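Student: Quick one: the structure is below, questions incoming.
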Amino acid sequence: MDAAEVEFLAEKELVTIIPNFSLDKIYLIGGDLGPFTPGLPVDVPLWLAINLKQRQKCRLTPPEWMDVEKLEKIRDHERKEETFTPMPSPCYMELTKLLLNHASDNIPKADEIRTLIKDVWDTRIAKLRVSADSFVRQQEAHAQLDNLTLMEINTSGAFLTQALNQMYKLRTNLQPPESAPSQDF
Amino acid sequence: MTEELDVTGQDSDGGSEEVVLTPAELIERLEQAWMNEKFAPELLESKSEIVECVMEQLDHMEENLRRAKKGDLKVSIHRMELERIRYVLSSYLRCRLMKIEKFFPHILEKEKTAQEGELSSLSPEELVFAKQYMANTETYLKNVALKHMPPNLQTVDLLRSVPKPDLDSYVFLRVKERQENILVEPETDEQRDYVIDMEEGSQHLIRYKTIAPLVASGAVQLI
């Protein structure tokens, strides 16, 4: 699964927008949305929110965890702990990227938020790299990775699983062939 | 206007089971089937009833949109959603076709020896595709290489030459229903087998073979 597909899945998350148009309720296959009244907040999926914003039909409100102090606490907590801490949203990376790219004017202190999220991401990826390394070295057969988001798993997952598959194949073929003659001089 | 759909389960010896799904749940099931199919090393059971219901919903919505010309914004929002669902559906079917092309002799062999009442891993159209693909490959190999070989070397055993799906590959999964006593086999000779419990909502990295039946039953979701 590539990053674009993980982002595709994250686009289903609901975000709050403030439309500047009015429209009565719409009945999508995936659920009902609206009605839309100018100035009143309404929850819509991210893909629709971004599209409406690009057409200048709404204003986006950042999710409540996208706040400098909260993110600083999360970043410090992540740096202190050795294991992975729960993230405010299972799609924090995708949400941040899409919201900051398309609606940074609606989000206060966008640059600081971008830096904080990047710090959190870097810390978590570094932890993932270290634990993947020890997983392979100690030849474990199972790992539990709660609190890892889909984007993090997908970033290193493909390589990790291929490497593990190869190692497994090499290990299980270690039996010496029966017909090989031993050479004793 | 949420309609309820009847998703008829596959016909087994005991008759069919009907599960009533809202359209939103149907799309959720499609996405789950899509992710499972993407990450599983083998071809999974065919979810034709989900595919058919989704096609029905898409056609229905297309029909409505064609008739309704007014409301530019509404129409474009519906169309965007249609495109999203269509992408998931096409990607799911493409993934299955890719696996069929990769493992066709083994899949066809399994279909031939499948028991009465066992769920098929191919839809009727996919079965036709697989058989034609096999025939085409055999014809191609014969015309390009085999008929020029000495007479006693003119056959190729596709079952032995085409690699089997690697069921020992590692997969990531998320647990939907609590599981107990999953056996983890050792990697090296010094380690011993041990059992783990999987809590609901936890995520794991493990070999596919151990948890294959859980994927089929829907107790875990591959990620």
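Residues are referred to by chain and number: the chain letter is A, B, ... according to the order shown in the structure tokens, the number counts from 1 in that chain, and ligands are numbered separately from 1 in the order shown.
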Need the shell around range 118-126 of chain A: protein/DNA/RNA residues with any atom at most 12 Å away, counting only C-alpha atoms. Skip same-chain ones fewer than 5 positions apart. Format as number ranges by chain?

Tutor: A: 71-88, 91-94, 96-97, 111-113, 131-133, 145, 147-149, 151-157

Student: Take the residues that were just selected and, keeping N, CA and C atoms, output them as a short mmCIF file (atom, residue, chain, number, x, y, z; two decimals), in the first residue's frame.

Tutor:
```
data_model
loop_
_atom_site.label_atom_id
_atom_site.label_comp_id
_atom_site.auth_asym_id
_atom_site.auth_seq_id
_atom_site.Cartn_x
_atom_site.Cartn_y
_atom_site.Cartn_z
N LEU A 71 0.38 19.76 21.47
CA LEU A 71 1.34 19.00 20.68
C LEU A 71 2.70 19.00 21.34
N GLU A 72 3.04 20.11 22.04
CA GLU A 72 4.34 20.11 22.75
C GLU A 72 4.34 19.04 23.83
N LYS A 73 3.20 18.93 24.54
CA LYS A 73 3.11 17.89 25.59
C LYS A 73 3.27 16.52 24.98
N ILE A 74 2.59 16.30 23.84
CA ILE A 74 2.64 14.99 23.19
C ILE A 74 4.07 14.68 22.74
N ARG A 75 4.73 15.70 22.19
CA ARG A 75 6.09 15.46 21.72
C ARG A 75 7.02 15.12 22.87
N ASP A 76 6.89 15.84 23.97
CA ASP A 76 7.78 15.56 25.10
C ASP A 76 7.50 14.18 25.68
N HIS A 77 6.23 13.83 25.77
CA HIS A 77 5.85 12.52 26.28
C HIS A 77 6.43 11.41 25.39
N GLU A 78 6.33 11.61 24.08
CA GLU A 78 6.85 10.62 23.14
C GLU A 78 8.35 10.48 23.28
N ARG A 79 9.04 11.58 23.50
CA ARG A 79 10.50 11.50 23.61
C ARG A 79 10.92 10.80 24.88
N LYS A 80 10.12 10.98 25.95
CA LYS A 80 10.49 10.36 27.23
C LYS A 80 10.27 8.86 27.21
N GLU A 81 9.13 8.43 26.68
CA GLU A 81 8.77 7.02 26.73
C GLU A 81 9.59 6.21 25.75
N GLU A 82 9.84 4.95 26.12
CA GLU A 82 10.57 4.09 25.19
C GLU A 82 9.64 3.42 24.21
N THR A 83 8.40 3.19 24.64
CA THR A 83 7.45 2.55 23.72
C THR A 83 6.65 3.64 23.03
N PHE A 84 5.73 3.22 22.17
CA PHE A 84 4.94 4.18 21.43
C PHE A 84 3.77 4.66 22.27
N THR A 85 3.57 5.98 22.32
CA THR A 85 2.44 6.50 23.08
C THR A 85 1.25 6.68 22.13
N PRO A 86 0.04 6.63 22.68
CA PRO A 86 -1.12 6.80 21.80
C PRO A 86 -1.13 8.21 21.21
N MET A 87 -1.50 8.28 19.94
CA MET A 87 -1.53 9.56 19.25
C MET A 87 -2.95 10.13 19.30
N PRO A 88 -3.10 11.46 19.21
CA PRO A 88 -4.43 12.05 19.30
C PRO A 88 -5.38 11.58 18.20
N CYS A 91 -4.81 9.16 12.32
CA CYS A 91 -4.33 9.69 11.04
C CYS A 91 -3.70 11.05 11.26
N TYR A 92 -2.94 11.22 12.34
CA TYR A 92 -2.46 12.57 12.65
C TYR A 92 -1.57 13.13 11.56
N MET A 93 -0.77 12.26 10.92
CA MET A 93 0.18 12.73 9.91
C MET A 93 -0.56 13.21 8.67
N GLU A 94 -1.52 12.38 8.19
CA GLU A 94 -2.26 12.73 6.97
C GLU A 94 -3.09 13.98 7.19
N THR A 96 -2.62 16.40 9.36
CA THR A 96 -1.77 17.59 9.45
C THR A 96 -1.35 18.03 8.07
N LYS A 97 -0.88 17.07 7.27
CA LYS A 97 -0.35 17.44 5.96
C LYS A 97 -1.44 18.08 5.11
N ASP A 111 3.02 27.01 11.16
CA ASP A 111 4.41 26.57 11.02
C ASP A 111 4.89 25.83 12.25
N GLU A 112 4.52 26.35 13.44
CA GLU A 112 4.95 25.66 14.65
C GLU A 112 4.34 24.27 14.73
N ILE A 113 3.09 24.19 14.33
CA ILE A 113 2.42 22.89 14.37
C ILE A 113 3.11 21.93 13.43
N SER A 131 13.34 -0.77 16.97
CA SER A 131 12.68 -2.00 17.38
C SER A 131 12.64 -3.00 16.24
N ALA A 132 12.59 -2.52 14.98
CA ALA A 132 12.64 -3.46 13.85
C ALA A 132 14.01 -4.12 13.82
N ASP A 133 15.05 -3.34 14.08
CA ASP A 133 16.41 -3.89 14.10
C ASP A 133 16.53 -4.99 15.14
N LEU A 145 2.44 -4.15 18.20
CA LEU A 145 2.70 -2.75 17.96
C LEU A 145 1.46 -1.89 18.08
N ASN A 147 -0.72 1.36 19.16
CA ASN A 147 -0.42 2.80 19.11
C ASN A 147 0.38 3.22 17.90
N LEU A 148 0.67 2.31 16.99
CA LEU A 148 1.31 2.73 15.76
C LEU A 148 0.23 3.07 14.76
N THR A 149 0.42 4.19 14.03
CA THR A 149 -0.62 4.54 13.06
C THR A 149 -0.33 3.85 11.74
N MET A 151 0.03 5.01 8.76
CA MET A 151 1.04 5.64 7.91
C MET A 151 2.44 5.20 8.36
N GLU A 152 2.65 5.10 9.67
CA GLU A 152 3.97 4.68 10.16
C GLU A 152 4.23 3.23 9.78
N ILE A 153 3.21 2.38 9.96
CA ILE A 153 3.39 0.97 9.62
C ILE A 153 3.69 0.82 8.15
N ASN A 154 3.00 1.57 7.31
CA ASN A 154 3.20 1.44 5.88
C ASN A 154 4.51 1.99 5.39
N THR A 155 5.03 3.01 6.10
CA THR A 155 6.30 3.60 5.67
C THR A 155 7.42 2.58 5.74
N SER A 156 7.49 1.83 6.83
CA SER A 156 8.59 0.88 6.95
C SER A 156 8.12 -0.55 6.78
N GLY A 157 6.80 -0.76 6.69
CA GLY A 157 6.26 -2.12 6.72
C GLY A 157 6.65 -2.97 5.54
#
```

Student: Considering only C-alpha atoms, extract the chain B residues located within 6 Å of chain A and return them as JSON, numbers by chain.

Tutor: {"B": [23, 24, 169, 170, 202, 203, 204, 205, 206]}

Student: Mind pulling up the distance from CA of Arg59 in chain A to CA of Pro38 in chain A?

Tutor: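 Between these atoms lies a distance of 10.4 Å.
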
Student: Point out the residue among B:Ser91, B:Ser161, B:Thr139, B:Gln221 with the least atom-to-atom distance to Arg174 in chain B, counting only C-alpha atoms.

Tutor: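 Smallest separation from Arg174 in chain B among the options: B:Gln221.
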
Student: Report, in Å with one decimal, the straight-line distance from CA of Glu177 in chain B to CA of Pro45 in chain A.

Tutor: 27.0 Å

Student: What is the CA of Val42 in chain A to CA of Glu11 in chain A distance in Å?

Tutor: 16.3 Å

Student: Identify all residues of range 21-162 of chain A in strand (DSSP E or B) (DSSP on the backbone) and supply them as a list in words.

Tutor: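 Assigned to strand (DSSP E or B), within range 21-162 of chain A: Leu23, Ile26, Tyr27, Leu28, Gly31, Asp32, Leu33, Phe36, Val42, Asp43, Val44, Pro45, Cys58, Arg59, Leu60, Thr61, His142, Ala143 and Gln144 of chain A.
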
Student: List the spatial neighbours of Val44 in chain A as a VMD selection string - criterion: any atom at most 9 Å away, only C-alpha atoms, same-chain residues fewer than 4 positions off excluded.

Tutor: chain A and resid 12 to 17 33 to 34 48 to 49

Student: Suppose we keep C-alpha atoms; can you now write the selection as a tab-separated table (two decimals), in the first residue's frame?

Tutor:
```tsv
chain	number	residue	atom	x	y	z
A	12	LYS	CA	-12.68	9.54	5.44
A	13	GLU	CA	-12.08	11.21	8.82
A	14	LEU	CA	-14.67	13.79	9.80
A	15	VAL	CA	-13.57	17.40	10.23
A	16	THR	CA	-15.55	20.52	11.07
A	17	ILE	CA	-16.06	23.18	8.41
A	33	LEU	CA	-24.33	15.18	5.43
A	34	GLY	CA	-25.61	18.62	6.21
A	48	LEU	CA	-15.08	16.91	0.85
A	49	ALA	CA	-13.71	19.55	3.23
```

Student: Determine the nearest neighbour of Arg55 in chain A from the options A:Ala103, A:Leu116, A:Ala110, A:Leu174, counting only C-alpha atoms.

Tutor: A:Ala103

Student: Would you list, as a PyMOL selection string, the residues of chain B that end up in helix (DSSP H, G or I) under DSSP run on this structure's backbone?

Tutor: chain B and resi 23-39+48-67+72-112+124-144+146-148+151-153+158-161+208-217

Student: Skip Ile18 in chain A itself and residues of its chain fewer than 2 positions away, then list as a list in words all residues within 10 Å of it, counting only C-alpha atoms.

Tutor: Thr16, Asn20, Phe21, Phe36, Thr37, Pro38, Gly39, Leu40, Pro41, Val42, Asp43, Ala49, Lys53, Lys57, Cys58, Arg59, Leu60 and Thr61 of chain A
